[in-house]
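Undergrad: Supplied in structure tokens, the structure appears directly below.
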Amino acid sequence: MKSRVLVIAMVALLGACNSVGRLDIPTIAPTKLIEIKKPITSQASFALAKVIANIKRGTTVFHFPRGSFLGEAGTYCNLRYDYTDAYEDWASGMSRLGDWSTELGEIFYETLSARGLNVAGDPKDLFRRDKAATSAEYMVGARITEMRGNFCHLHHWWDGQPLPEFSGDMFLDVDWTIFSNVIKRKVLSVRTQGYYKLKKPRKGGLAIIFNQTFASATEKLLASQGFVDIALGKKREEATPNEGPVRVFLTRPLSKRKLARRIGTILPAVVTVRVGRGHGSGFVISEDGLVLTNYHVVGTAKRVAIVLENGVEVAAKVLARHEVRDVALIKMPLRVPSFLPLRTELPGLLEKVFVIGSPLSEGLKSTITQGVVSAVRQRARSGLVFIQSDVAISGGNSGGPMLDENGNVIGITVSGHTGDAQNLNYFIPIGEALKALNLKPEIAKD
């Protein structure tokens, strides 16, 4: 049953007709795999995101030639097929064959982990399987661009009736894409080929042949020096600044007055950023209407709506964005007397901080929460720095300012842990945000 389900997923049958012998299968040269000696605990982790087949509709992918083409079943191969041979054409265009939670994910895990690689999503771990795969540093996508196979469908020697046993050989051409979950972009493309031959017909033979061929193509990832370098952590991934000229803007001198005494001028500088039916927060950094927020708030939108504290709503243009650092710059078509001073120096541990934004709904705009700096952390692979704090945030706070006791911006709200975690939230240091967007502040006179 499993083999039949797999074949249905792979191809749509168009029927049997005349063909000529075996389908030609490319010869695969011997490949030298790179041995992994570094401990798994010191390696980067991988998980299979998805496997798709991208084969032109109408391409012949399988032949069922009659006779002893593999030397085991003899004349009982494909005995009752119409005419002398049969073939199958690919009829489904692009189709999804599986992901890390399917049998192909298990094959990916077993093949590479057996070679000493750190692969997430252990199928034997019933309790951490899902969590492990989704927390991998790298997701791997496989695109099958070519598939060829010759199969023997065994028939009974006495009455010629077909039996549920298959043998054969298969070839796959696979394009692999390695995607970094740290910097949110593709870091490597690798092409491999796989081949497998099953001589003796077996029940579930079609599934066995396909799975072993995919395992063969998977194993050959270890012939790629680029893939091995990523696994061993030899390639450091950094979030580079946006290309283009540096944009200079005027900002206020740092404030030395307590936030509570300045709150009347601070709140008008914190805005709600509306995109479609969703919203986030943002804050004004210059008199000419420049606003900072998160990339994940604006996405790929070119224009967004800005709602000021007094309820005035204006259309604004997204000038720049940096997906990896998760920051974006917006320009409002008006001058704003209330804008916030920026403190690029990183805060100290236990420093008191405040966050302002529009959590959960626009009606909760100008909500203020208070906490302390718990840590300043740098991710080793990307170099990205985050401020960790126990200050409370919720959905809608994203893009809003984190302020010190004097009302100077030290960070941008970006994310928080949910579930078992409590008050474990992260903020982008303002200096890192300015660097990513090629922004250079110059002090203006009050």
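Residues are named by chain letter and number: chains run A, B, ... in the order of the structure tokens, numbers start at 1 in each chain, and ligands are numbered from 1 in the order shown.
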Could you produce a table of the residues of segment 141-231 of chain A lying within 12 Å of segment 371-393 of chain A, with the nearest pair of atoms per residue and their separation in Å rounded to one decimal, using only C-alpha atoms, ordered by chain and increasing residue number, as CSV?
TA:
```
residue,atom,partner,partner_atom,distance
A:Ser180,CA,A:Ser382,CA,9.7
A:Asn181,CA,A:Ser382,CA,10.1
A:Val182,CA,A:Ser382,CA,6.4
A:Ile183,CA,A:Ser382,CA,6.6
A:Lys184,CA,A:Ser382,CA,10.4
A:Arg185,CA,A:Ser382,CA,11.8
A:Ile230,CA,A:Arg381,CA,10.2
A:Ala231,CA,A:Arg381,CA,11.6
```
Undergrad: Enumerate the residues of segment 41-225 of chain A with a DSSP assignment of alpha helix (DSSP H), computed from the backbone, and present them as a PyMOL selection string.
TA: chain A and resi 103-113+129-134+205-219+225
Undergrad: Dump C-alpha atoms for the selected residues as a PDB file, in the first residue's frame?
TA:
```
ATOM      1  CA  GLU A 103       9.015   9.624   5.159  1.00  0.00           C
ATOM      2  CA  LEU A 104      11.347  11.718   2.998  1.00  0.00           C
ATOM      3  CA  GLY A 105      12.212  13.746   6.101  1.00  0.00           C
ATOM      4  CA  GLU A 106      13.112  10.526   7.904  1.00  0.00           C
ATOM      5  CA  ILE A 107      15.314   9.472   4.980  1.00  0.00           C
ATOM      6  CA  PHE A 108      17.031  12.874   5.004  1.00  0.00           C
ATOM      7  CA  TYR A 109      17.592  12.597   8.763  1.00  0.00           C
ATOM      8  CA  GLU A 110      18.843   9.019   8.729  1.00  0.00           C
ATOM      9  CA  THR A 111      21.116   9.487   5.697  1.00  0.00           C
ATOM     10  CA  LEU A 112      22.967  12.587   6.917  1.00  0.00           C
ATOM     11  CA  SER A 113      22.993  11.801  10.649  1.00  0.00           C
ATOM     12  CA  ARG A 129      10.678  15.881  16.909  1.00  0.00           C
ATOM     13  CA  ASP A 130       8.573  18.843  15.743  1.00  0.00           C
ATOM     14  CA  LYS A 131      10.297  21.436  17.921  1.00  0.00           C
ATOM     15  CA  ALA A 132      13.783  20.311  16.919  1.00  0.00           C
ATOM     16  CA  ALA A 133      13.149  20.532  13.185  1.00  0.00           C
ATOM     17  CA  THR A 134      11.582  23.983  13.325  1.00  0.00           C
ATOM     18  CA  GLY A 205       9.675  -2.302  -4.388  1.00  0.00           C
ATOM     19  CA  LEU A 206       8.650   0.988  -6.009  1.00  0.00           C
ATOM     20  CA  ALA A 207       8.843   2.834  -2.688  1.00  0.00           C
ATOM     21  CA  ILE A 208      12.143   1.164  -1.827  1.00  0.00           C
ATOM     22  CA  ILE A 209      13.697   2.184  -5.139  1.00  0.00           C
ATOM     23  CA  PHE A 210      12.530   5.799  -4.931  1.00  0.00           C
ATOM     24  CA  ASN A 211      13.530   6.194  -1.275  1.00  0.00           C
ATOM     25  CA  GLN A 212      16.989   4.698  -1.790  1.00  0.00           C
ATOM     26  CA  THR A 213      17.573   6.873  -4.863  1.00  0.00           C
ATOM     27  CA  PHE A 214      16.613   9.974  -2.864  1.00  0.00           C
ATOM     28  CA  ALA A 215      18.933   8.826  -0.059  1.00  0.00           C
ATOM     29  CA  SER A 216      21.735   8.469  -2.615  1.00  0.00           C
ATOM     30  CA  ALA A 217      21.198  12.050  -3.844  1.00  0.00           C
ATOM     31  CA  THR A 218      21.002  13.285  -0.226  1.00  0.00           C
ATOM     32  CA  GLU A 219      24.254  11.607   0.790  1.00  0.00           C
ATOM     33  CA  GLN A 225      32.714  21.673   0.140  1.00  0.00           C
TER      34      GLN A 225
END
```
Undergrad: Could you pull the residues within 8 Å of Val190 of chain A, counting only C-alpha atoms, minus those fewer than 4 positions along the same chain, as number ranges by chain?
TA: A: 175-177, 221, 224, 227
Undergrad: Provide the atom CA of Gly363 of chain A to atom CA of Arg277 of chain A distance in Å, to one decimal place.
TA: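 Result for atom CA of Gly363 of chain A versus atom CA of Arg277 of chain A: 14.1 Å, one decimal.
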Undergrad: Go through A:Leu154, A:Val298, A:Leu48, A:Leu172 one by one, measure the shortest atom-to-atom distance of each to Val61 of chain A using only C-alpha atoms, and give the residue with the smallest value.
TA: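 Closest to Val61 of chain A of all the choices is A:Leu172.
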